[in-house]
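For reference, the structure discussed in these notes is given below.
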Amino acid sequence: MKTFLNAILLCVFLVPATLFAQSTVTGTVTDGSNSMPLPGVNVIVKGTTNGNNTDFDGKYSLTVNNGDVIVFSYLGFVTQEITYNGQATIDVTLTEDAAQLDEIVLIGYGSTTKQDATGAVDKVSDDDFNRGAIVAPEQLLAGKSAGVRITTNGGAAGEGSQIRIRGISSLSANQSPLIVVDGLPLDQRGVQGVRNALNAINPADIKDFVVLKDASATAIYGSRASNGVILITTKKGQSNSPWKVEYDLKASSQQVNNTVDVLSADQYRNLANVSTAFDPSLTGNANTDWQDEIYQTALSAIHNITVSKGYENFNFRVNLNHVTQQGTLRTDLYERNAINTAFEQRLLDNDLKLTLTAKGIIDEYSFANQGAIGAAVSFDPSQPIFDQNGNFTELGANLAPRNPVSLLENDQNNNRSKRLISNFNIDYKFWFLKDLRFNLNAGIDYAENNGKQFNIANPNNPGAFPFQNFYSGLNRNTSLDFYLNYKKNVESINTVLDITAGHSYQEFYVASDQTLTGASGGLITNPVIINRNGLESYFARASFDHDDKYLLSLSYRADISSRFSPDNRTGYFPGASFGWKISNEDFMENSFFSNLKLRGGWGITGNQEIGNNYAYLGIYSPAVNDQVSALINGQLVPTLRPNGFDENLKWEETSQYNLALDFGLFDNRLSGSVDVYYKETKDLLAQVPVPAGSNLTDQIITNVGELTSKGIELNLDGKIIQNDNFNWDSNFNVTFQDIEVENLSLVDNPDFVIPTGGISGGTGNTIQILRPGFDPTTFFVFRQVYDTDGNPIEGAYVDVNGDNQITTADRQPYKKATPDAFIGFTNNFTYKSFDLSFTFRGSFGNYVYNNVSSSNGTLATAINAPGAFQPNVHASYLDTGFANPQLFSDYYVRRADFVRLDNLSIGYQLPFENVQVRASITGSNLFVITDYEGLDPEISNGIDNNFYPRARSFVFGLNFIF
Amino acid sequence: MLRLKSIKTIFMSLALIALMQSCESRLDLVPEDNRLTAEAAFATEEGYEQAFAKLYGGIAVTGQNTTGQPDIVSDDEGASGFIRSIWKVQELPTDEAIIGWNDGGIRALNTQTWTAGNDFTRAAYNRTIYQVTLVNEFLRQTTPEKLDARGETDAFKAVVNGYRTEARFLRALAYYYAMDIFGNVPFVTEADPVGSFLPPQISRSDLFNFLETELLAIENEIPAAGANEYGRADRATVWMLLAKMYLNAEVYTGTSRYTEVITYSNQIIGAGYTIPATAYQHSFLADNDTNGAQDEVIFAVPFDGLNIQSYAGTTFLVHAPVGGTMSAADFGINGGWGGIRTTPTFVEQFPGEENSADQRAMFFTDGQTKEIEDIGSFTNGYAVTKWKNVDVNGNAGSDPSGEFVDTDFPMFRLADVYLMYAEAMLRGGGGDMTTALGYVNQLRNRAYGDASGNISSSDLTLDFILDERSRELYWEGHRRTDLIRYGRFSTQGTWAWKGGVPQGTTTGAFRDLMPIPANDLGVNTNLEQNPGY
């Protein structure tokens with residue numbers, strides 16, 4: 001801290017000193033490759049803070065003394081130094097830095113270069129990010145990397161996404177990748193009280209994502225690597241850079257552009273002509289589109305103020321961020337206030353580098369009651385919002401849907417979450433051996449949340465009381481790791497050695513408590529829930545680069561997890577990969593390939609994220625409250641339950657093979673890669689039925705079964721047009737994948753199935769199965785029989801086993817929610833001061849079960865309600881005419897291929913002299929091309945039920961750099 | 001700026017700290033909240049009592065909270081409870097009840113078209129076997145050796161031994177239902193471990209023998225009839241279970257044991273239970289533990305609107321039959337679930353049907369049709385108003401929200417014993433006609449409010465008893481067992497929607513046994529499916 005203070009003091013004294021300047025120099029900086037002016041070049045007097053940036057025309061002006069050394073620096077170009085000797089103008093031409101073009105790519109506990117990477121590693125940087133008013137950082141990456149599928153969980157304010165890298169490799173354990181922010185691995189379970197734990201990372205602060213896809217790359221993260229790893233690096237200041245103040249505003253408006261098709265009030269009233277059981281005396285005269293009433297045009301604003309400055313040995317960056325985001329569901333609101341700081345200090349002739357990053361975030365949510373979405377679909381459309389007395393119309397039966405507007409207006413649930421993410425890094429080159437480096441990372445991610453919920457008493461039940469819920473929680477993730485790295489070019493054998501070995505310890509502590517309305521209407525306090533788990537690891541990696549042609553990398557990690565018994569606690573995770581830079585071979589000298597590299601890798605990774613910290617121990621759970629007691633010895637005694645457990649629980653292991661070809665053509669104007677992978681998970685951590693009688697419950701998490709996943713990924717980058725005024729870059733990526741359950745039980749039984757995918761419309765119903773030989777999201781349905789006009793015949797299904805009865809034995813596996821292929825297609829154009837970019841995303845071969853339609857699209861929905869009320873009917877009833885629900889008919893499993901224009905952005909750089917101003921307009925989620933008739937074809941689990949619609953948004957952006 | 005040397009010192013000490021933090025013992029973590037390891041759970045007398053309380057809780061509630069902490073996760077939590085799951089299997093495939101819901105395989109119960117994949121038969125299987133493992137765990141944790149090792153006092157050991165005896169009864173009760181419904185089930189005792197092993201299958205007759213031995217072994221250890229508190233097992237409860245086993249012994253083992261039915265019925269009857277002089281319906285009201293109806297109750301599962309809450313017990317039995325134009329307030333609840341009604345066949349058991357002088361004919365007919373055209377429509381079939389959450393004065397139960405009921409579930413009551421006596425007498429098990437006739441007429445007297453419904457010895461036939469059992473014990477979870485004993489569950493006897501056709505048809509004899517659930521066959525190679533599935 002003292003050094004920072006010194007630096008700040010230094011700065012305070014130096015600034016007045018520069019006022020004694022004697023003369024002014026001006027000039028233009030141009031790009032050597034195309035003679036275009038370069039804006040934003042740092043021009044600074046060496047050893048001082050006296051500096052400036054070139055303007056839009058590449059011009060600069062600087063006050064200097066004779067003998068000063070002026071430093072011209074720009075990312076990706078060779079830095080130039082020129083001594084001032086009274087010249088009036090100094091024009092400079094910067095040349096591209098070939099070495100810098102070979103990007104540094106983080107690979108976990110170290111880095112490599114893009115050319116030397118042997119694993120399936122993809123770096124997505126600032127320039128490639130999705131545009132728009134993006135609050136969730138993972139959305140920057142959607143559609144940008146082959147094999148990475150990012151699906152938003154819906155349109156709620158501050159909502160997160162499901163991230164899947166190369167499909168899935170587990171059934172019951174966590175399927176999300178490990179996310180490492182500036183060296184700190186985040187808790188894969190997220191933090192309590194927020195919709196998206198990743199929102200703590202400000203998108204405006206992210207420099208790049210590195211996605212580690214294959215096991216040879218991820219094995220260094222061992223037990224948490226089976227789902228891939230995403231390394232996020234946040235922006236830091238640059239050394240020797242002048243003051244830079246940036247203000248960025250994104251204001252947006254969002255609207256729901258599709259709602260569920262239900263009967264209009266007139267169609268609904270007309271049901272009286274269809275069935276005598278429909279009671280017209282219960283209907284009203286209003287015409288209310290309840291879905292119109294619950295959605296709003298949502299406004300959002302994102303403000304970022306960033307200040308950065310760099311000295312010779314010290315630089316910092318401070319960002320202030322404010323986000324206000326309304327949800328399209330009325331009363332849904334998310335607010336974020338954050339400060340993000342990064343400090344870097346170099347000492348001992350740059351041998352010692354200290355980096356401190358600290359983020360403080362306050363997340364505030366007003367969670368709208370999402371029950372309103374379902375209620376709006378089923379509430380009687382013939383009723384007005386308010387009754388004659390001005391009260392919300394209610395239907396008066398306990399199980400009737402509640403007035404959707406009342407649910408939004410009267411129910412409240414607010415949570416405030418405070419979070420600190422900080423990481424301190426020491427990087428030291430030993431004074432006696434400069435090739436040896438020590439790196440230490442100490443990180444903490446600490447969050448506290450406090451929420452309160454208030455729901456009014458159910459107006460349909462005179463005996464009901466209001467519901468109150470006060471909840472709070474604490475998440476603490478502390479991490480300390482260090483490693484030694486030795487990197488040496490051993491010229492005698494023409495080989496570069498890069499060897500790393502280290503140790504890490506990470507502990508997760510999660511506590512939560514809750515006081516809520518109990519059975520008799522009074523407040524009761526639930527017992528505090530505490531969960532702690534630890535992970536200790538040893539890791540090592542050795543990489544060899546022989547003759548800049550042959551690459552070999554070996555890694556090894558041992559993880560010791562508190563989640564398993566001492567006998568099974570340690571897991572070993574090796575990884576190996578090779579690369580052959582064919583284009584560096586002599587025989588390729590005159591080839592039209594500018595780059596050609598063959599890569600291959602293998603590794604074993606694990607998964608221990610099973611949601612239960614003590615699953616190997618026989619634990620007794622007390623009753624949560626006094627509502628489930630037994631009469632013993634004249635008293636109501638709370639019960640104490642022995643829970644099921646598996647003392648032999650151990651790691652889930654995934655072996656993955658990867659083979660790939662990287663290529664560049666026409667001087668890398670066209671570059672790309674093709675990756676082929678095969679993943680096989682053994683000892684799956686799956687929640688499976690236990691043999692009845694063998695355990696203290698009917699399902700436990702245990703190691704059983706196998707899952708395979710294979711795929712091909714193609715990534716193409718093209719610099720299609722490059723000239724003085726016009727540039728066109730394009731990226732296309734496509735992924736083909738196939739996931740299959742191989743086995744599910746201890747005994748090898750191909751007929752064994754586990755039902756999954758709970759649906760609404762009855763209790764305990766499921767629509768999917770896990771079954772050997774099938775994708776884990778396979779639907780399990782009756783095959784609908786159609787009449788000659790192609791209309792489904794109610795209750796008529798294919799009698800698959802020919803026993804003349806339709807029984808559960810006739811349900812068949814049919815289609816799946818997992819896509820066979822998905823694509824991302826991005827184009828960036830620049831013309832003079834204009835830029836334009838757009839990103840399409842698409843998915844093919846995925847199906848969705850329309851649960852809203854299946855559970856609400858029948859006459860029975862209206863006439864068979866449990867009480868004197870008649871819910872509205874889904875419009876699919878008009879097509880099917882079904883009298884009763886046919887929940888398991890494949891009629892409701894629909895093709896959900898889609899292509900979505902994720903975003904389209906147009907920007908213009910305004911011609912100002914002293915300030916850079918960029919204005920932009922972005923449209924997000926502009927259109928979806930799909931055959932799917934439901935709300936949205938992009939439903940991650942394949943069951944479309946009361947989905948919070950994704951909004952279409954228009955964003956106006958302004959960016960000022962001073 | 002810091003001096004070079006001091007930086008090096010700081011840096012080296014940081015490195016040292018980093019090295020020292022490696023300590024694997026920090027990975028030996030146990031719960032820090034109120035969850036307990038087994039040793040900690042049995043470290044206090046309260047721990048024993050609460051673990052014991054769970055054994056009774058296992059037949060009433062579904063988990064460690066009203067909902068959300070389920071014991072069993074494969075099935076819907078409410079449907080996974082002991083009474084609800086058994087009730088559905090015992091009533092829905094018979095002429096006594098039909099349900100309109102869309103839940104998975106529930107329709108197949110109505111139509112006798114279930115397969116091994118049925119989720120409702122699975123629920124009954126999972127719950128009964130779960131109850132067995134719960135008892136086994138308690139017995140493992142309370143062995144004399146463990147009690148000695150923990151240094152328990154002699155007085156407390158005696159208390160725990162009493163718990164163990166009752167625990168064994170509760171295990172026998174769970175096994176009894178498993179034997180009755182599924183026949184040949186996985187067999188585990190406290191001698192088995194918890195974890196990865198495949199329990200062996202026991203044949204129905206071997207299980208019968210085990211249960212007989214077990215019940216006889218605890219008969220004299222368990223408190224005498226009436227000596228235990230309400231809602232807990234005593235000697236009469238043991239006799240009752242034995243009597244029910246013997247009554248159906250021919251079905252279970254191929255050998256009839258009617259003599260023993262008479263023996264044990266006599267012992268129960270001699271223990272002081274009486275048919276109360278109150279209305280029949282009082283046995284099914286919110287205050288049925290205090291309104292006098294409890295005088296005939298041998299074993300009840302207590303429920304309480306505030307402290308013993310579950311969607312699986314009588315809360316289901318009160319809510320699910322309310323629908324159509326029925327007034328939920330009359331039932332002491334906040335709303336009906338519009339599910340269960342009865343078939344015309346059952347209505348016709350009563351002379352005069354819905355207008356019968358027999359007060360046990362409790363039908364709601366307003367807006368309901370007697371015939372069932374559409375199973376899914378609540379108004380098809382008469383509704384039944386037997387179970388209510390109001391007391392004798394019509395006041396609702398203790399849960400102010402009207403969700404959970406106070407009504408206890410009278411699992412074993414004297415009326416059942418009287419009818420068992422009469423049936424066993426007619427089947428040649430001994431006893432005498434006069435006594436039997438007297439017993440039956442006691443029930444008729446209560447049903448009619450006077451002697452107008454009394455029968456004579458010539459009326460007392462086996463067929464009459466089957467019908468009378470239905471009239472007296474309907475919707476209490478007995479019908480399937482009774483029909484099977486009479487051979488009228490599958491190949492004989494038709495009623496609406498049996499076999500999947502509106503007028504009803506017969507089904508295969510194999511349906512007298514429910515299938516072993518497919519998922520358990522899938523994971524346990526020791527199991528063999530019941531014939532026909």
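Residues are referred to by chain and number: the chain letter is A, B, ... according to the order shown in the structure tokens, the number counts from 1 in that chain, and ligands are numbered separately from 1 in the order shown.
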
Original post:
Contacts of region 325-337 of chain A at 9 Å or less, counting only C-alpha atoms, minus same-chain residues fewer than 3 places along, as number ranges by chain?
Top reply: A: 135, 155-158, 199-200, 252, 254-256, 293-302, 320-322, 360-370, 372-373, 405, 408-409, 412, 948-951

Could the residues of chain A within 6 Å of chain B, counting only C-alpha atoms, be given as a PDB file with N, CA and C atoms, in the first residue's frame, please?
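The result, written out as result_8.pdb:
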ATOM      1  N   THR A   3       3.646   1.730  -1.346  1.00  0.00           N
ATOM      2  CA  THR A   3       4.160   2.064  -2.672  1.00  0.00           C
ATOM      3  C   THR A   3       3.112   2.775  -3.503  1.00  0.00           C
ATOM      4  N   ASN A 398     -59.588 -21.840  -3.659  1.00  0.00           N
ATOM      5  CA  ASN A 398     -58.234 -21.935  -3.124  1.00  0.00           C
ATOM      6  C   ASN A 398     -57.197 -22.286  -4.182  1.00  0.00           C
ATOM      7  N   ASN A 461     -58.523 -17.698  -0.066  1.00  0.00           N
ATOM      8  CA  ASN A 461     -58.678 -18.556   1.102  1.00  0.00           C
ATOM      9  C   ASN A 461     -58.839 -17.673   2.329  1.00  0.00           C
ATOM     10  N   GLY A 463     -58.981 -18.264   5.315  1.00  0.00           N
ATOM     11  CA  GLY A 463     -58.171 -18.618   6.485  1.00  0.00           C
ATOM     12  C   GLY A 463     -56.689 -18.365   6.292  1.00  0.00           C
ATOM     13  N   ALA A 464     -56.295 -17.950   5.095  1.00  0.00           N
ATOM     14  CA  ALA A 464     -54.866 -17.833   4.812  1.00  0.00           C
ATOM     15  C   ALA A 464     -54.279 -16.603   5.488  1.00  0.00           C
ATOM     16  N   ALA A 519     -46.552 -22.712  10.073  1.00  0.00           N
ATOM     17  CA  ALA A 519     -47.865 -23.298   9.795  1.00  0.00           C
ATOM     18  C   ALA A 519     -48.999 -22.560  10.474  1.00  0.00           C
ATOM     19  N   ILE A 529     -28.126 -23.225   8.282  1.00  0.00           N
ATOM     20  CA  ILE A 529     -27.516 -24.284   7.469  1.00  0.00           C
ATOM     21  C   ILE A 529     -26.088 -23.868   7.147  1.00  0.00           C
ATOM     22  N   ILE A 530     -25.156 -24.726   7.448  1.00  0.00           N
ATOM     23  CA  ILE A 530     -23.749 -24.400   7.189  1.00  0.00           C
ATOM     24  C   ILE A 530     -23.139 -25.519   6.351  1.00  0.00           C
ATOM     25  N   GLY A 534     -13.481 -28.273   1.387  1.00  0.00           N
ATOM     26  CA  GLY A 534     -12.134 -27.846   1.044  1.00  0.00           C
ATOM     27  C   GLY A 534     -11.548 -28.698  -0.062  1.00  0.00           C
ATOM     28  N   SER A 562     -12.572 -32.723   0.458  1.00  0.00           N
ATOM     29  CA  SER A 562     -13.224 -33.073   1.720  1.00  0.00           C
ATOM     30  C   SER A 562     -14.544 -33.794   1.508  1.00  0.00           C
ATOM     31  N   ILE A 619     -25.339 -39.216   7.889  1.00  0.00           N
ATOM     32  CA  ILE A 619     -25.718 -38.008   8.627  1.00  0.00           C
ATOM     33  C   ILE A 619     -27.177 -38.110   9.077  1.00  0.00           C
ATOM     34  N   TYR A 620     -27.436 -37.597  10.246  1.00  0.00           N
ATOM     35  CA  TYR A 620     -28.819 -37.519  10.745  1.00  0.00           C
ATOM     36  C   TYR A 620     -29.315 -36.086  10.584  1.00  0.00           C
ATOM     37  N   SER A 621     -30.468 -35.931   9.974  1.00  0.00           N
ATOM     38  CA  SER A 621     -31.063 -34.603   9.789  1.00  0.00           C
ATOM     39  C   SER A 621     -32.220 -34.400  10.748  1.00  0.00           C
ATOM     40  N   ALA A 623     -35.621 -32.488  12.109  1.00  0.00           N
ATOM     41  CA  ALA A 623     -36.732 -31.844  11.419  1.00  0.00           C
ATOM     42  C   ALA A 623     -36.444 -30.348  11.333  1.00  0.00           C
ATOM     43  N   VAL A 624     -36.868 -29.742  10.237  1.00  0.00           N
ATOM     44  CA  VAL A 624     -36.622 -28.325  10.044  1.00  0.00           C
ATOM     45  C   VAL A 624     -37.423 -27.496  11.043  1.00  0.00           C
ATOM     46  N   ASP A 626     -41.339 -27.732  13.796  1.00  0.00           N
ATOM     47  CA  ASP A 626     -42.189 -28.631  14.588  1.00  0.00           C
ATOM     48  C   ASP A 626     -43.442 -29.051  13.837  1.00  0.00           C
ATOM     49  N   GLN A 627     -43.402 -28.986  12.502  1.00  0.00           N
ATOM     50  CA  GLN A 627     -44.589 -29.318  11.722  1.00  0.00           C
ATOM     51  C   GLN A 627     -44.672 -30.794  11.345  1.00  0.00           C
ATOM     52  N   VAL A 628     -43.602 -31.513  11.617  1.00  0.00           N
ATOM     53  CA  VAL A 628     -43.597 -32.943  11.245  1.00  0.00           C
ATOM     54  C   VAL A 628     -43.162 -33.770  12.457  1.00  0.00           C
ATOM     55  N   SER A 629     -43.894 -33.626  13.540  1.00  0.00           N
ATOM     56  CA  SER A 629     -43.525 -34.319  14.769  1.00  0.00           C
ATOM     57  C   SER A 629     -44.259 -35.647  14.880  1.00  0.00           C
ATOM     58  N   ALA A 630     -43.935 -36.377  15.930  1.00  0.00           N
ATOM     59  CA  ALA A 630     -44.678 -37.590  16.245  1.00  0.00           C
ATOM     60  C   ALA A 630     -45.026 -37.535  17.727  1.00  0.00           C
ATOM     61  N   PRO A 638     -40.051 -33.782  17.727  1.00  0.00           N
ATOM     62  CA  PRO A 638     -39.557 -33.626  16.349  1.00  0.00           C
ATOM     63  C   PRO A 638     -38.744 -34.855  15.948  1.00  0.00           C
ATOM     64  N   THR A 639     -38.778 -35.154  14.674  1.00  0.00           N
ATOM     65  CA  THR A 639     -38.126 -36.383  14.231  1.00  0.00           C
ATOM     66  C   THR A 639     -36.675 -36.133  13.815  1.00  0.00           C
ATOM     67  N   LEU A 640     -35.890 -37.184  13.914  1.00  0.00           N
ATOM     68  CA  LEU A 640     -34.480 -37.141  13.525  1.00  0.00           C
ATOM     69  C   LEU A 640     -34.284 -38.252  12.510  1.00  0.00           C
ATOM     70  N   ASP A 646     -23.431 -42.904   0.692  1.00  0.00           N
ATOM     71  CA  ASP A 646     -22.589 -43.890   0.035  1.00  0.00           C
ATOM     72  C   ASP A 646     -21.167 -43.634   0.503  1.00  0.00           C
ATOM     73  N   PRO A 691     -30.994 -50.034  -4.957  1.00  0.00           N
ATOM     74  CA  PRO A 691     -31.809 -51.226  -4.753  1.00  0.00           C
ATOM     75  C   PRO A 691     -32.627 -51.031  -3.468  1.00  0.00           C
ATOM     76  N   GLY A 693     -34.172 -51.210  -0.070  1.00  0.00           N
ATOM     77  CA  GLY A 693     -33.723 -51.913   1.125  1.00  0.00           C
ATOM     78  C   GLY A 693     -32.247 -51.758   1.411  1.00  0.00           C
ATOM     79  N   SER A 694     -31.482 -51.267   0.421  1.00  0.00           N
ATOM     80  CA  SER A 694     -30.039 -51.207   0.629  1.00  0.00           C
ATOM     81  C   SER A 694     -29.586 -49.885   1.214  1.00  0.00           C
ATOM     82  N   ASN A 695     -30.480 -48.894   1.243  1.00  0.00           N
ATOM     83  CA  ASN A 695     -30.031 -47.608   1.758  1.00  0.00           C
ATOM     84  C   ASN A 695     -31.180 -46.909   2.469  1.00  0.00           C
ATOM     85  N   LEU A 696     -30.875 -45.752   3.024  1.00  0.00           N
ATOM     86  CA  LEU A 696     -31.862 -45.056   3.850  1.00  0.00           C
ATOM     87  C   LEU A 696     -32.671 -44.040   3.063  1.00  0.00           C
ATOM     88  N   THR A 697     -32.737 -44.242   1.770  1.00  0.00           N
ATOM     89  CA  THR A 697     -33.625 -43.465   0.922  1.00  0.00           C
ATOM     90  C   THR A 697     -33.757 -44.247  -0.376  1.00  0.00           C
ATOM     91  N   ASP A 698     -34.474 -43.711  -1.327  1.00  0.00           N
ATOM     92  CA  ASP A 698     -34.690 -44.470  -2.558  1.00  0.00           C
ATOM     93  C   ASP A 698     -33.749 -44.071  -3.681  1.00  0.00           C
ATOM     94  N   SER A 745     -26.493 -48.336 -14.315  1.00  0.00           N
ATOM     95  CA  SER A 745     -26.662 -49.095 -13.086  1.00  0.00           C
ATOM     96  C   SER A 745     -25.420 -49.911 -12.814  1.00  0.00           C
ATOM     97  N   PHE A 752     -32.619 -50.440 -18.295  1.00  0.00           N
ATOM     98  CA  PHE A 752     -32.860 -49.667 -17.088  1.00  0.00           C
ATOM     99  C   PHE A 752     -33.001 -48.192 -17.427  1.00  0.00           C
ATOM    100  N   GLY A 762     -50.672 -32.214 -13.334  1.00  0.00           N
ATOM    101  CA  GLY A 762     -50.635 -33.440 -12.531  1.00  0.00           C
ATOM    102  C   GLY A 762     -49.401 -33.401 -11.647  1.00  0.00           C
ATOM    103  N   THR A 763     -49.357 -34.287 -10.680  1.00  0.00           N
ATOM    104  CA  THR A 763     -48.195 -34.287  -9.792  1.00  0.00           C
ATOM    105  C   THR A 763     -47.260 -35.428 -10.170  1.00  0.00           C
ATOM    106  N   GLY A 764     -45.968 -35.138 -10.055  1.00  0.00           N
ATOM    107  CA  GLY A 764     -44.961 -36.188 -10.206  1.00  0.00           C
ATOM    108  C   GLY A 764     -44.781 -36.694 -11.631  1.00  0.00           C
ATOM    109  N   ASN A 765     -45.285 -35.972 -12.623  1.00  0.00           N
ATOM    110  CA  ASN A 765     -45.137 -36.451 -13.993  1.00  0.00           C
ATOM    111  C   ASN A 765     -43.790 -36.053 -14.588  1.00  0.00           C
ATOM    112  N   PRO A 866     -60.430 -27.755 -10.008  1.00  0.00           N
ATOM    113  CA  PRO A 866     -60.852 -28.139  -8.657  1.00  0.00           C
ATOM    114  C   PRO A 866     -61.478 -26.964  -7.915  1.00  0.00           C
ATOM    115  N   GLY A 867     -62.699 -26.626  -8.254  1.00  0.00           N
ATOM    116  CA  GLY A 867     -63.395 -25.527  -7.604  1.00  0.00           C
ATOM    117  C   GLY A 867     -64.240 -24.777  -8.613  1.00  0.00           C
TER     118      GLY A 867
END

Do you know which residues are at most 7 Å from region 180-191 of chain A counting only C-alpha atoms, after dropping those on the same chain fewer than 6 positions away, and could you put them as an mmCIF file with C-alpha atoms, in the first residue's frame?
data_model
loop_
_atom_site.group_PDB
_atom_site.id
_atom_site.type_symbol
_atom_site.label_atom_id
_atom_site.label_comp_id
_atom_site.auth_asym_id
_atom_site.auth_seq_id
_atom_site.Cartn_x
_atom_site.Cartn_y
_atom_site.Cartn_z
ATOM 1 C CA ALA A 197 -23.264 -14.997 -9.616
ATOM 2 C CA ILE A 230 -13.150 -20.397 -18.609
ATOM 3 C CA LEU A 231 -10.362 -18.052 -17.582
ATOM 4 C CA ILE A 232 -11.432 -14.446 -17.327
ATOM 5 C CA THR A 233 -8.804 -11.737 -17.300
ATOM 6 C CA THR A 234 -9.920 -8.302 -16.276
ATOM 7 C CA ASN A 423 -6.994 -11.266 -5.685
ATOM 8 C CA ASN A 441 -2.123 -15.973 -5.758
ATOM 9 C CA GLY A 443 -7.864 -14.667 -3.430
ATOM 10 C CA ASN A 475 -20.632 -17.282 0.917
ATOM 11 C CA ASN A 477 -14.417 -18.724 -0.995
ATOM 12 C CA SER A 479 -7.957 -19.569 -2.184
#

Subject >> Distance query Asp206 (chain B) at most 9 Å, only C-alpha atoms, self and fewer than 4 positions along chain excluded, as a list in words >> reply: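 Selected residues are Asn184, Ile202, Phe210, Leu211 and Thr253 of chain B.
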
**OP:** Just give me the gap between CA of Tyr311 (chain B) and CA of Trp87 (chain B) in Å, one decimal is fine.
**Re:** 13.1 Å

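Here CA of Val260 (chain A) and CA of Asp292 (chain A) stand 10.7 Å from one another.
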
Original post:
How many Å separate CA of Ile339 (chain A) from CA of Leu198 (chain A)?
Top reply: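 Distance reported for this atom pair: 15.1 Å.
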
Asn393 (chain B): which residues within 12 Å, counting only C-alpha atoms, same-chain residues fewer than 5 positions away excluded, as a compact mmCIF listing (two decimals) with C-alpha atoms, in the first residue's frame?
# COMPACT_ATOMS: atom_id res chain seq x y z
CA HIS B 282 -67.45 -39.55 14.05
CA LEU B 285 -63.70 -36.35 11.81
CA ALA B 286 -61.08 -33.91 13.02
CA ASP B 287 -61.68 -34.89 16.66
CA ASN B 291 -65.04 -37.63 20.30
CA ASP B 330 -68.25 -28.09 5.16
CA PHE B 331 -65.15 -30.23 5.17
CA GLY B 332 -63.10 -27.81 7.24
CA LYS B 388 -63.77 -34.48 7.06

Subject >> Contacts of Trp728 (chain A) within 8 Å, only C-alpha atoms, excl. fewer than 2 positions in-chain, as a ChimeraX atom specification >> reply: /A:719-722,726,730,827-830

Output file for the selection above: C-alpha atoms, as a PDB file, in the first residue's frame:
ATOM      1  CA  LYS A 719     -10.152 -10.927 -42.905  1.00  0.00           C
ATOM      2  CA  ILE A 720     -12.192 -10.654 -46.027  1.00  0.00           C
ATOM      3  CA  ILE A 721     -11.528  -7.070 -46.952  1.00  0.00           C
ATOM      4  CA  GLN A 722      -8.678  -4.979 -45.658  1.00  0.00           C
ATOM      5  CA  PHE A 726     -13.050  -0.479 -45.517  1.00  0.00           C
ATOM      6  CA  SER A 730     -15.874 -12.521 -40.260  1.00  0.00           C
ATOM      7  CA  ASN A 827     -19.311 -10.078 -39.026  1.00  0.00           C
ATOM      8  CA  ASN A 828     -17.526  -6.829 -38.323  1.00  0.00           C
ATOM      9  CA  PHE A 829     -17.357  -4.031 -40.847  1.00  0.00           C
ATOM     10  CA  THR A 830     -15.591  -0.727 -40.554  1.00  0.00           C
TER      11      THR A 830
END

**OP:** From a DSSP pass on the backbone, collect the residues of region 111-355 of chain B flagged as strand (DSSP E) and hand them back as a PyMOL selection string.
**Re:** chain B and resi 297-301+340-341
